Each structure stands twice: as structure tokens, then as C-alpha cells.
>>> print(open('data_34.txt').read())   # compact mmCIF, C-alpha atoms
# COMPACT_ATOMS: atom_id res chain seq x y z
CA MET A 286 -46.06 -11.37 -20.16
CA ASN A 287 -46.37 -15.03 -19.22
CA ALA A 288 -45.55 -15.62 -15.56
CA ARG A 289 -44.85 -19.34 -16.13
CA ARG A 290 -42.20 -18.60 -18.73
CA VAL A 291 -40.65 -15.92 -16.51
CA LEU A 292 -40.40 -18.39 -13.61
CA ALA A 293 -38.92 -21.02 -15.91
CA VAL A 294 -36.16 -18.63 -16.94
CA ALA A 295 -35.51 -17.77 -13.28
CA ARG A 296 -35.28 -21.48 -12.33
CA LYS A 297 -32.90 -22.10 -15.23
CA SER A 298 -30.60 -19.26 -14.11
CA LEU A 299 -30.60 -20.43 -10.49
CA SER A 300 -29.87 -24.02 -11.54
CA GLN A 301 -26.57 -22.84 -12.99
CA PHE A 302 -25.52 -21.66 -9.55
CA ARG A 303 -26.60 -24.94 -7.93
CA HIS A 304 -23.93 -26.84 -9.84
CA ASP A 305 -21.24 -24.21 -9.30
CA LYS A 306 -20.08 -24.44 -5.68
CA ARG A 307 -17.39 -21.80 -6.25
CA THR A 308 -20.00 -19.23 -7.27
CA ILE A 309 -22.22 -20.10 -4.29
CA GLY A 310 -19.25 -19.64 -2.00
CA PHE A 311 -18.49 -16.31 -3.62
CA VAL A 312 -22.07 -15.05 -3.27
CA VAL A 313 -22.19 -15.98 0.42
CA GLY A 314 -18.62 -15.41 1.50
CA MET A 315 -17.51 -12.29 -0.35
CA PRO A 316 -20.00 -9.83 1.25
CA LEU A 317 -19.08 -11.20 4.69
CA LEU A 318 -15.38 -10.87 3.91
CA MET A 319 -15.88 -7.29 2.70
CA VAL A 320 -17.75 -6.23 5.84
CA ILE A 321 -15.15 -7.80 8.13
CA ALA A 322 -12.24 -6.32 6.17
CA PHE A 323 -13.67 -2.80 6.10
CA GLY A 324 -14.74 -2.99 9.74
CA TYR A 325 -11.31 -3.96 11.01
CA THR A 326 -9.07 -1.94 8.73
CA PHE A 327 -10.67 1.08 7.10
CA GLY A 328 -10.22 4.45 8.74
CA GLY A 329 -8.49 3.26 11.89
CA GLU A 330 -6.43 5.54 14.12
CA VAL A 331 -2.68 5.69 13.53
CA SER A 332 -0.85 3.57 16.09
CA HIS A 333 2.63 2.27 16.92
CA VAL A 334 4.49 4.95 14.99
CA ARG A 335 8.19 4.28 15.57
CA THR A 336 9.51 7.46 17.20
CA LEU A 337 13.09 7.82 18.42
CA VAL A 338 13.86 9.82 21.57
CA VAL A 339 17.15 11.64 22.19
CA ASN A 340 16.91 12.88 25.78
CA ASP A 341 19.90 14.97 26.88
CA ASP A 342 17.93 16.89 29.51
CA ALA A 343 19.81 17.29 32.80
CA GLY A 344 16.57 17.92 34.70
CA PRO A 345 13.31 16.02 35.30
CA PHE A 346 10.91 17.71 32.89
CA ALA A 347 11.72 15.80 29.68
CA ASP A 348 11.13 12.51 31.49
CA ARG A 349 7.87 13.87 32.88
CA LEU A 350 6.69 14.82 29.41
CA LEU A 351 7.61 11.42 27.96
CA GLU A 352 5.78 9.63 30.76
CA ASN A 353 2.63 11.45 29.69
CA VAL A 354 2.79 10.20 26.10
CA THR A 355 -0.11 7.81 26.59
CA GLY A 356 -2.00 5.49 24.30
CA ASP A 357 -0.50 3.45 21.48
CA ALA A 358 -0.09 6.17 18.84
CA LEU A 359 3.69 6.36 19.32
CA ASP A 360 6.27 3.69 20.02
CA LEU A 361 9.02 5.62 21.83
CA VAL A 362 12.50 4.14 21.32
CA PRO A 363 15.60 5.64 23.01
CA ALA A 364 18.39 6.75 20.65
CA ASP A 365 21.98 7.70 21.40
CA SER A 366 22.36 10.80 19.25
CA LEU A 367 20.47 13.12 16.95
CA VAL A 368 22.83 12.28 14.09
CA ALA A 369 22.08 8.56 14.29
CA ALA A 370 18.37 9.19 14.84
CA ARG A 371 18.13 11.48 11.80
CA GLU A 372 19.79 8.77 9.73
CA ASP A 373 17.14 6.28 10.83
CA VAL A 374 14.45 8.66 9.62
CA ARG A 375 16.32 9.27 6.35
CA THR A 376 16.53 5.53 5.65
CA GLY A 377 12.92 4.83 6.61
CA ARG A 378 13.61 2.94 9.84
CA ALA A 379 11.71 5.52 11.91
CA TRP A 380 9.06 8.16 11.30
CA ALA A 381 10.15 10.80 13.79
CA VAL A 382 12.67 11.91 16.42
CA LEU A 383 12.00 13.82 19.63
CA GLY A 384 15.10 15.71 20.73
CA PHE A 385 15.40 17.28 24.21
CA PRO A 386 18.45 19.54 24.76
CA GLU A 387 20.55 19.42 27.92
CA ASN A 388 19.00 22.59 29.37
CA PHE A 389 15.38 21.65 28.56
CA SER A 390 14.20 21.67 32.22
CA ALA A 391 15.94 24.96 33.01
CA ASP A 392 14.53 26.57 29.87
CA LEU A 393 11.03 25.32 30.69
CA ALA A 394 11.24 26.99 34.09
CA ALA A 395 12.34 30.17 32.31
CA ARG A 396 9.43 29.77 29.84
CA ARG A 397 11.61 29.35 26.76
CA ALA A 398 11.87 25.56 26.42
CA ARG A 399 12.24 23.98 22.99
CA VAL A 400 11.84 20.39 21.79
CA LEU A 401 13.14 19.39 18.38
CA VAL A 402 10.88 17.13 16.31
CA VAL A 403 12.52 15.56 13.25
CA LEU A 404 9.89 14.21 10.86
CA ASP A 405 9.41 12.15 7.74
CA GLY A 406 6.74 14.40 6.26
CA THR A 407 5.62 12.05 3.48
CA SER A 408 2.56 10.95 5.47
CA PRO A 409 0.46 13.83 6.86
CA PRO A 410 -1.62 11.52 9.13
CA ILE A 411 1.55 10.28 10.83
CA VAL A 412 2.93 13.82 11.17
CA ALA A 413 -0.34 14.86 12.79
CA ALA A 414 -0.22 11.87 15.15
CA VAL A 415 3.34 12.65 16.29
CA LEU A 416 2.76 16.36 16.86
CA GLY A 417 -0.67 15.80 18.39
CA SER A 418 0.64 13.20 20.84
CA LEU A 419 3.51 15.50 21.86
CA ARG A 420 1.24 18.49 22.48
CA ALA A 421 -1.28 16.39 24.41
CA ALA A 422 1.52 14.99 26.59
CA ALA A 423 2.77 18.52 27.30
CA GLU A 424 -0.71 19.58 28.41
CA ARG A 425 -0.98 16.63 30.77
CA ALA A 426 2.56 16.99 32.13
CA PHE A 427 2.72 20.76 32.58
CA ALA A 428 -0.97 21.72 32.70
CA GLY A 429 -1.40 25.24 31.47
CA ALA A 430 1.51 27.60 31.92
CA GLY A 431 4.21 24.99 31.45
CA ALA A 432 2.69 23.75 28.21
CA ALA A 433 2.43 27.30 26.89
CA ALA A 434 6.13 27.81 27.61
CA LEU A 435 7.08 24.86 25.38
CA SER A 436 7.79 25.49 21.70
CA VAL A 437 8.11 22.77 19.06
CA GLU A 438 10.80 23.13 16.40
CA GLU A 439 9.85 21.02 13.38
CA GLU A 440 12.55 19.69 11.05
CA PHE A 441 11.50 17.71 7.98
CA VAL A 442 13.84 15.15 6.49
CA TYR A 443 11.32 14.55 3.68
CA GLY A 444 8.34 16.63 2.70
CA SER A 445 7.31 19.69 4.67
CA ALA A 446 4.51 21.10 6.78
CA ASP A 447 2.78 21.92 3.48
CA THR A 448 2.83 18.35 2.12
CA ARG A 449 -0.66 17.64 0.81
CA PHE A 450 -2.61 14.47 1.41
CA ILE A 451 -2.77 13.89 -2.34
CA ASP A 452 1.03 13.99 -2.47
CA SER A 453 1.26 11.23 0.11
CA PHE A 454 -1.24 8.81 -1.40
CA ALA A 455 -0.69 9.53 -5.13
CA PRO A 456 2.04 6.85 -5.53
CA GLY A 457 -0.27 4.18 -4.11
CA ILE A 458 -3.19 5.30 -6.26
CA VAL A 459 -1.05 5.17 -9.40
CA ALA A 460 0.05 1.62 -8.55
CA LEU A 461 -3.54 0.63 -7.74
CA ALA A 462 -4.75 1.91 -11.13
CA VAL A 463 -2.09 -0.18 -12.89
CA LEU A 464 -3.06 -3.22 -10.81
CA LEU A 465 -6.75 -2.95 -11.70
CA VAL A 466 -6.33 -2.56 -15.46
CA THR A 467 -3.61 -5.14 -16.00
CA SER A 468 -5.10 -7.79 -13.72
CA VAL A 469 -8.67 -7.42 -15.03
CA PHE A 470 -7.53 -7.74 -18.65
CA SER A 471 -5.37 -10.73 -17.77
CA VAL A 472 -8.09 -12.51 -15.78
CA ILE A 473 -10.42 -12.45 -18.78
CA ILE A 474 -7.99 -13.24 -21.59
CA ILE A 475 -7.18 -16.92 -20.98
CA VAL A 476 -10.65 -18.02 -19.88
CA ARG A 477 -12.15 -16.44 -22.99
CA GLU A 478 -9.80 -18.48 -25.19
CA LYS A 479 -10.61 -21.58 -23.14
CA THR A 480 -14.40 -21.27 -23.34
CA GLY A 481 -14.23 -20.43 -27.05
CA GLY A 482 -12.17 -23.51 -27.84
CA MET A 483 -9.24 -21.40 -29.03
CA LEU A 484 -6.90 -22.72 -26.35
CA GLU A 485 -7.25 -26.34 -27.46
CA ARG A 486 -6.65 -25.36 -31.09
CA LEU A 487 -3.56 -23.35 -30.15
CA PHE A 488 -2.07 -26.28 -28.23
CA ALA A 489 -2.70 -28.55 -31.22
CA THR A 490 0.12 -26.53 -32.84
CA PRO A 491 3.79 -26.57 -31.71
CA LEU A 492 3.00 -23.57 -29.45
CA THR A 493 4.13 -24.09 -25.84
CA SER A 494 2.34 -22.79 -22.79
CA GLY A 495 5.34 -20.58 -21.97
CA GLU A 496 5.20 -19.01 -25.43
CA LEU A 497 1.48 -18.40 -25.05
CA VAL A 498 1.91 -16.71 -21.66
CA VAL A 499 4.86 -14.58 -22.77
CA GLY A 500 3.01 -13.57 -25.94
CA HIS A 501 -0.01 -12.45 -23.95
CA ALA A 502 2.30 -10.69 -21.48
CA LEU A 503 3.95 -8.75 -24.31
CA ALA A 504 0.58 -7.66 -25.70
CA LEU A 505 -0.67 -6.64 -22.28
CA GLY A 506 2.68 -4.96 -21.65
CA VAL A 507 1.95 -2.57 -24.50
CA VAL A 508 -1.41 -1.80 -22.92
CA ALA A 509 0.25 -1.35 -19.53
CA PHE A 510 2.86 0.99 -21.05
CA PHE A 511 0.25 3.40 -22.38
CA GLN A 512 -1.98 3.06 -19.33
CA THR A 513 0.94 3.78 -17.01
CA SER A 514 1.86 6.80 -19.10
CA VAL A 515 -1.68 8.15 -18.86
CA VAL A 516 -2.01 7.59 -15.11
CA LEU A 517 1.40 8.95 -14.18
CA GLY A 518 1.00 11.88 -16.57
CA ALA A 519 -2.40 12.77 -15.10
CA VAL A 520 -1.04 12.73 -11.57
CA LEU A 521 1.88 14.97 -12.49
CA LEU A 522 0.14 17.40 -14.84
CA LEU A 523 -3.39 17.68 -13.47
CA PHE A 524 -2.71 17.50 -9.74
CA GLN A 525 0.89 18.81 -9.65
CA VAL A 526 1.92 16.03 -7.28
CA THR A 527 5.33 16.67 -5.77
CA VAL A 528 8.02 14.38 -7.20
CA VAL A 529 11.57 14.70 -5.89
CA GLY A 530 12.95 11.51 -7.44
CA SER A 531 13.32 10.07 -10.92
CA VAL A 532 10.10 9.88 -12.94
CA PRO A 533 11.59 7.31 -15.41
CA PHE A 534 12.59 5.12 -12.46
CA ALA A 535 9.05 5.34 -11.06
CA PHE A 536 7.74 4.41 -14.51
CA GLY A 537 9.99 1.35 -14.60
CA ILE A 538 8.72 0.21 -11.19
CA LEU A 539 5.15 0.44 -12.44
CA LEU A 540 5.96 -1.63 -15.53
CA LEU A 541 7.62 -4.34 -13.42
CA PHE A 542 4.55 -4.38 -11.19
CA ALA A 543 2.31 -4.63 -14.27
CA VAL A 544 4.18 -7.73 -15.50
CA GLY A 545 3.53 -9.48 -12.18
CA ASN A 546 -0.15 -8.49 -12.33
CA GLN A 547 -0.42 -9.99 -15.80
CA GLY A 548 0.99 -13.28 -14.58
CA LEU A 549 -1.36 -13.29 -11.58
CA GLY A 550 -4.36 -12.55 -13.79
CA MET A 551 -3.48 -15.35 -16.23
CA MET A 552 -2.96 -17.79 -13.34
CA LEU A 553 -6.42 -17.04 -11.98
CA SER A 554 -7.93 -17.13 -15.45
CA ALA A 555 -6.45 -20.57 -16.09
CA ALA A 556 -8.00 -21.83 -12.84
CA ALA A 557 -11.50 -20.65 -13.84
CA ARG A 558 -13.91 -22.72 -15.94
CA ASN A 559 -15.86 -19.75 -17.29
CA GLU A 560 -15.90 -15.96 -17.32
CA LEU A 561 -18.23 -15.76 -14.31
CA GLN A 562 -15.72 -17.65 -12.17
CA ALA A 563 -12.88 -15.55 -13.56
CA ILE A 564 -14.62 -12.29 -12.60
CA GLN A 565 -15.04 -13.61 -9.05
CA PHE A 566 -11.28 -13.46 -8.59
CA ILE A 567 -11.18 -9.70 -9.14
CA PRO A 568 -12.49 -8.75 -5.64
CA LEU A 569 -9.94 -11.13 -4.14
CA ILE A 570 -7.26 -9.00 -5.79
CA LEU A 571 -8.93 -5.66 -5.15
CA PHE A 572 -9.92 -5.65 -1.47
CA PRO A 573 -6.60 -6.75 0.09
CA SER A 574 -4.91 -4.18 -2.15
CA LEU A 575 -7.24 -1.42 -0.96
CA LEU A 576 -7.15 -2.21 2.74
CA LEU A 577 -3.80 -3.78 3.58
CA THR A 578 -1.22 -1.82 1.62
CA GLY A 579 -1.31 1.77 2.82
CA VAL A 580 -2.85 3.16 -0.38
CA PHE A 581 -5.43 5.35 1.34
CA PHE A 582 -4.06 5.45 4.87
CA PRO A 583 -0.74 4.45 6.49
CA LEU A 584 -0.05 0.87 7.47
CA GLU A 585 0.18 2.25 11.01
CA ALA A 586 -3.60 2.81 10.83
CA ILE A 587 -4.19 -0.92 10.30
CA PRO A 588 -4.66 -3.05 13.46
CA GLU A 589 -1.27 -4.40 14.44
CA GLY A 590 -2.40 -8.01 14.20
CA LEU A 591 -3.27 -7.56 10.52
CA ARG A 592 -0.18 -5.68 9.40
CA GLY A 593 1.72 -8.86 8.68
CA LEU A 594 -0.83 -9.68 5.98
CA SER A 595 0.36 -6.65 4.00
CA LEU A 596 3.62 -8.49 3.30
CA ALA A 597 1.65 -10.97 1.17
CA VAL A 598 0.10 -8.25 -1.03
CA PRO A 599 2.28 -7.16 -3.98
CA LEU A 600 0.83 -3.64 -4.03
CA THR A 601 2.53 -3.07 -0.66
CA TYR A 602 5.94 -3.29 -2.32
CA ALA A 603 4.97 -1.32 -5.43
CA GLY A 604 3.44 1.46 -3.35
CA ALA A 605 6.41 1.60 -0.97
CA ALA A 606 8.91 1.73 -3.84
CA LEU A 607 6.98 4.45 -5.65
CA LYS A 608 6.60 6.48 -2.48
CA GLY A 609 10.31 6.20 -1.79
CA VAL A 610 11.20 7.34 -5.30
CA MET A 611 8.56 10.03 -5.78
CA LEU A 612 8.44 11.60 -2.30
CA ARG A 613 11.86 10.84 -0.85
CA GLY A 614 14.05 10.81 -3.94
CA TRP A 615 15.34 7.31 -3.22
CA GLY A 616 17.26 5.26 -5.77
CA VAL A 617 17.85 1.58 -6.44
CA ALA A 618 19.83 1.04 -3.23
CA GLU A 619 17.04 2.32 -0.98
CA VAL A 620 14.16 0.51 -2.71
CA GLY A 621 16.16 -2.59 -3.62
CA GLY A 622 14.19 -4.85 -1.29
CA ASP A 623 10.90 -3.81 -2.87
CA LEU A 624 12.33 -4.33 -6.37
CA VAL A 625 13.45 -7.84 -5.46
CA ALA A 626 9.96 -8.62 -4.12
CA LEU A 627 8.33 -7.33 -7.33
CA THR A 628 10.77 -9.30 -9.50
CA VAL A 629 10.03 -12.49 -7.57
CA TYR A 630 6.30 -11.74 -7.87
CA ALA A 631 6.53 -11.34 -11.65
CA SER A 632 8.68 -14.45 -12.09
CA LEU A 633 6.48 -16.72 -9.96
CA THR A 634 3.19 -15.58 -11.44
CA LEU A 635 4.36 -15.93 -15.05
CA LEU A 636 5.78 -19.39 -14.31
CA GLY A 637 2.59 -20.37 -12.51
CA ALA A 638 0.50 -19.13 -15.42
CA ALA A 639 2.53 -21.19 -17.91
CA LEU A 640 2.06 -24.36 -15.81
CA LEU A 641 -1.65 -23.85 -15.17
CA VAL A 642 -2.56 -22.90 -18.71
CA ARG A 643 -1.24 -26.19 -20.11
CA ARG A 644 -2.90 -28.20 -17.32
CA GLN A 645 -6.28 -26.49 -17.70
CA ALA A 646 -6.37 -26.47 -21.50
>>> encode(input="data_34.txt", output="C-alpha cells")
Amino acid sequence: MNARRVLAVARKSLSQFRHDKRTIGFVVGMPLLMVIAFGYTFGGEVSHVRTLVVNDDAGPFADRLLENVTGDALDLVPADSLVAAREDVRTGRAWAVLGFPENFSADLAARRARVLVVLDGTSPPIVAAVLGSLRAAAERAFAGAGAAALSVEEEFVYGSADTRFIDSFAPGIVALAVLLVTSVFSVIIIVREKTGGMLERLFATPLTSGELVVGHALALGVVAFFQTSVVLGAVLLLFQVTVVGSVPFAFGILLLFAVGNQGLGMMLSAAARNELQAIQFIPLILFPSLLLTGVFFPLEAIPEGLRGLSLAVPLTYAGAALKGVMLRGWGVAEVGGDLVALTVYASLTLLGAALLVRRQA
């Protein structure tokens, strides 16, 4: 082996990076971004869980217990009635309700006190945070005998005490799988035609950029159809994930999400000069989707200052819609806002792809 020739090849490879500022930025910036993102978001404690409080206690003990709910795990919000509070949980405006009956203080003195906890059981980490915070507050407020005299009556609006972790994060994982396949295929497809000279030849014909984008979207839609079928089928058949809503509706949400991913991938592909630059866009899609959308852990586990960023990530809406349909049995009315966001996402990315493809050809 000739060392001079080896070094010549190495210099040649490095010279390609010298003239590609985007790649240099990616090599330097992406690892730093990954470390910061994981450090600030991954595996955080659940915080600021919206919890409604219906306190009808005629005595002082319910107030004493609530005063001992410390930390930022729960955001306690007074509510007028259990009926209204349950409705807020049913519609997704709150995660839990703490209900104290009128005779709570008297019953606690008689060692038979009961507190009602109404829960959205679709997220086991949040259920654990609510119940854990309540029990810890009781220990602090009534130290020992008083805490032992308190019983917790759990009522689940959705899910149950037996809801598995896989049930809660399966909708997000399914959406993430669709995102990865459709976006990766789409990122490569246009830049490959561009570098091979095919794009210029196609535009020498009467073909418009819109027709090109829609044609690619149709082809990738077929791929997305079968891929969605495989992923959703595996989740249902292999892992027996609980689904209380409409499976066809969930399938339709995934297809709509896939269309938007195709448009996004083609937009990024059109902005890249070669396949190396195109591949660099994939982590920019992947890491926000992993860390800012509640796929692996609730949004309440993300630092509060970063939660607003989740609104800019399309997987947030796809995951929320799928979770609502699969775990809560929601229909179009309940997930309408998420469907509108996904429709806007698909429309804007396909339009952007059509404009960029013609400009970059």
C-alpha cells in the first residue's frame, strides 16, 4: 500500500468539504444540537399537569392537603363542579380532577376519608405523577395516621389502571415510522433526478413542476399506503395495542400525514445540490420529532420553555390525533384542529415543493 496515494485520496475527499459550507456546518453543528436537545428534553420529570380541584369540604383538612402539593408536577386549578370538571377531562382540557366531598374533614377524623381522583388514563407517566403527588401531599399534611386514614378512589374517563406504556406511546410510534419512511424517500427522489440530469430533461417537455410533484406524491402515496398498513397492522396484531376508536379513521390520519411528509421531503430535496446535502436534512426532521412531540414521553415532561416549539412540529398533531382516536375513541369533531393543521401542512409543503423544484432545476 502506497502511503502517498492514500494521503492524496484523503486530501481529495476533504477538499470536497472545504467548498461545501453547508456540510461543514452540519458536521460541526449537528452533534452540538443533538447533545443540547437530548440534555434539555429527554427523560425529564413530568411537570405542570393541569389538574382541576373540586373542594366541597366544610372543614380545614382538604385545604391543608392541597397546600402540601409542592413542586411543579401539578398545576391545581379550582373548578365549580365535578360534572364540569369531568367534561374538561373528557374533552382533553385537563388531565385529572381531585374531588373532596363536603364531609372530608369529618371523615378523616373518623379515619374513613375518601378523595375522588378522576383521570385521563391514556398516559401512565401522568397518572403516576398525579397519584404520587397526592399521596406525598397527604403524608406531609397528615404525617402518619392521618395519611393512612385517607383512601383514593380512582375513576378513569379514558384508559384504566391497567393501561400499558406501549398503549400510550404506540400512536406516536406509528406516526413516527410513517414520517421516517415517507420523508427519507422524498428527500432522495428529487435530488437524484437533479444530479442525474433527469430533471432538466423532464422540464424540457411540457411537464409542469406541479405535475412532477403530484406524480411523485402519488407514487410515494402507494408506498405510504402499504407501509402504513404494515405498521398499523403490526401494532394491532403483534402487540395487541388497545384501540377504542375507528381504525380506518386512524389510517386516514396517517395517510394525510404521509402526504405532508412527502411534500416536506421534496422541498428539502429541491434545496439540496447533491445527495450528501439532502441526507443532512434527515436529522433536522428526525430529532425535533423525537424530542418535542410526546412520542416517547408526555409533552409535560419537556421543559416548559420548550413546549411551544412542539407546535411547529407536524408529528405533534399527527400523534395527538392518533392518540385521541385510538385511545379515547374521538371522532372528527374532537380531533378537528389537528386535522386542519395536517391539511395545512400537506398543502403548504406540496406547494413549496412545486415552486422550489422549478427554481432549482
>>> closest_residue(input="data_34.txt", among="A:Val544, A:Val472, A:Leu435, A:Val374", to="Ala398 (chain A)", atoms="all atoms listed in the file")
A:Leu435
>>> closest_residue(input="data_34.txt", among="A:Leu337, A:Val526, A:Val476, A:Val580", to="Ser595 (chain A)", atoms="all atoms listed in the file")
A:Val580
>>> residues_near_point(input="data_34.txt", point="(6.9, -1.2, -15.3)", cutoff="9 Å", atoms="only C-alpha atoms", output="list in words")
Gly506, Ala509, Phe510, Thr513, Phe534, Ala535, Phe536, Gly537, Ile538, Leu539, Leu540, Leu541, Phe542, Ala543 and Val544 of chain A
>>> residues_near_point(input="data_34.txt", point="(-1.2, -22.2, -13.7)", cutoff="10 Å", atoms="only C-alpha atoms", output="list of chain:residue names")
A:Ser494, A:Gly548, A:Leu549, A:Met551, A:Met552, A:Leu553, A:Ser554, A:Ala555, A:Ala556, A:Thr634, A:Leu635, A:Leu636, A:Gly637, A:Ala638, A:Ala639, A:Leu640, A:Leu641, A:Val642, A:Arg643, A:Arg644, A:Gln645
>>> atom_distance(input="data_34.txt", atom1="CA of Leu607 (chain A)", atom2="CA of Gly457 (chain A)")
7.4 Å
>>> closest_residue(input="data_34.txt", among="A:Thr527, A:Ser332, A:Asn340, A:Ser445", to="Phe389 (chain A)", atoms="all atoms listed in the file")
A:Asn340
>>> residues_around(input="data_34.txt", residues="Leu461 (chain A)", least_positions_apart="2", cutoff="10 Å", atoms="all atoms listed in the file", output="list in words")
Ala455, Pro456, Gly457, Ile458, Val459, Val463, Leu464, Leu465, Val466, Leu539, Leu571, Ser574, Leu575, Thr578, Val580, Leu600, Ala603 and Gly604 of chain A
>>> closest_residue(input="data_34.txt", among="A:Leu367, A:Leu359, A:Val520, A:Val334", to="Ala379 (chain A)", atoms="all atoms listed in the file")
A:Val334
>>> atom_distance(input="data_34.txt", atom1="CA of Val516 (chain A)", atom2="CA of Ala460 (chain A)")
9.1 Å
>>> atom_distance(input="data_34.txt", atom1="CA of Leu416 (chain A)", atom2="CA of Val528 (chain A)")
24.7 Å
>>> residues_around(input="data_34.txt", residues="Leu505 (chain A)", least_positions_apart="3", cutoff="8 Å", atoms="all atoms listed in the file", output="JSON, numbers by chain")
{"A": [467, 470, 471, 501, 502, 508, 509, 547]}
>>> residues_around(input="data_34.txt", residues="Glu589 (chain A)", least_positions_apart="3", cutoff="12 Å", atoms="only C-alpha atoms", output="ChimeraX atom specification")
/A:325-326,329-334,357-358,577,583-586,592-595
>>> residues_around(input="data_34.txt", residues="region 624-626 of chain A", least_positions_apart="3", cutoff="9 Å", atoms="only C-alpha atoms", output="compact mmCIF listing (two decimals) with C-alpha atoms, in the frame of the given file")
# COMPACT_ATOMS: atom_id res chain seq x y z
CA ILE A 538 8.72 0.21 -11.19
CA LEU A 541 7.62 -4.34 -13.42
CA PRO A 599 2.28 -7.16 -3.98
CA TYR A 602 5.94 -3.29 -2.32
CA ALA A 603 4.97 -1.32 -5.43
CA ALA A 606 8.91 1.73 -3.84
CA VAL A 617 17.85 1.58 -6.44
CA VAL A 620 14.16 0.51 -2.71
CA GLY A 621 16.16 -2.59 -3.62
CA VAL A 629 10.03 -12.49 -7.57
CA TYR A 630 6.30 -11.74 -7.87
CA ALA A 631 6.53 -11.34 -11.65
>>> closest_atom_pairs(input="data_34.txt", of="region 369-441 of chain A", to="region 345-353 of chain A", cutoff="9 Å", atoms="all atoms listed in the file", output="Markdown table")
| residue | atom | partner | partner_atom | distance |
| --- | --- | --- | --- | --- |
| A:Phe385 | CA | A:Ala347 | CA | 6.8 |
| A:Phe389 | CA | A:Ala347 | CA | 7.0 |
| A:Ser390 | CA | A:Phe346 | CA | 5.2 |
| A:Ala391 | CA | A:Phe346 | CA | 8.8 |
| A:Leu393 | CA | A:Phe346 | CA | 7.9 |
| A:Leu419 | CA | A:Leu350 | CA | 8.2 |
| A:Ala421 | CA | A:Asn353 | CA | 8.2 |
| A:Ala422 | CA | A:Asn353 | CA | 4.8 |
| A:Ala423 | CA | A:Leu350 | CA | 5.8 |
| A:Glu424 | CA | A:Leu350 | CA | 8.9 |
| A:Arg425 | CA | A:Asn353 | CA | 6.4 |
| A:Ala426 | CA | A:Leu350 | CA | 5.4 |
| A:Phe427 | CA | A:Leu350 | CA | 7.8 |
>>> write_last_selection(input="data_34.txt", atoms="C-alpha atoms", output="PDB file, in the frame of the given file")
ATOM      1  CA  PHE A 385      15.400  17.280  24.210  1.00  0.00           C
ATOM      2  CA  PHE A 389      15.380  21.650  28.560  1.00  0.00           C
ATOM      3  CA  SER A 390      14.200  21.670  32.220  1.00  0.00           C
ATOM      4  CA  ALA A 391      15.940  24.960  33.010  1.00  0.00           C
ATOM      5  CA  LEU A 393      11.030  25.320  30.690  1.00  0.00           C
ATOM      6  CA  LEU A 419       3.510  15.500  21.860  1.00  0.00           C
ATOM      7  CA  ALA A 421      -1.280  16.390  24.410  1.00  0.00           C
ATOM      8  CA  ALA A 422       1.520  14.990  26.590  1.00  0.00           C
ATOM      9  CA  ALA A 423       2.770  18.520  27.300  1.00  0.00           C
ATOM     10  CA  GLU A 424      -0.710  19.580  28.410  1.00  0.00           C
ATOM     11  CA  ARG A 425      -0.980  16.630  30.770  1.00  0.00           C
ATOM     12  CA  ALA A 426       2.560  16.990  32.130  1.00  0.00           C
ATOM     13  CA  PHE A 427       2.720  20.760  32.580  1.00  0.00           C
TER      14      PHE A 427
END
>>> closest_residue(input="data_34.txt", among="A:Val403, A:Arg558, A:Phe441, A:Ile451", to="Glu478 (chain A)", atoms="only C-alpha atoms")
A:Arg558
>>> axis_aligned_box(input="data_34.txt", around="region 568-585 of chain A", padding_each_side="5 Å", output="JSON")
{"center_x": -6.2, "center_y": -2.8, "center_z": 2.6, "size_x": 22.7, "size_y": 26.6, "size_z": 26.8}
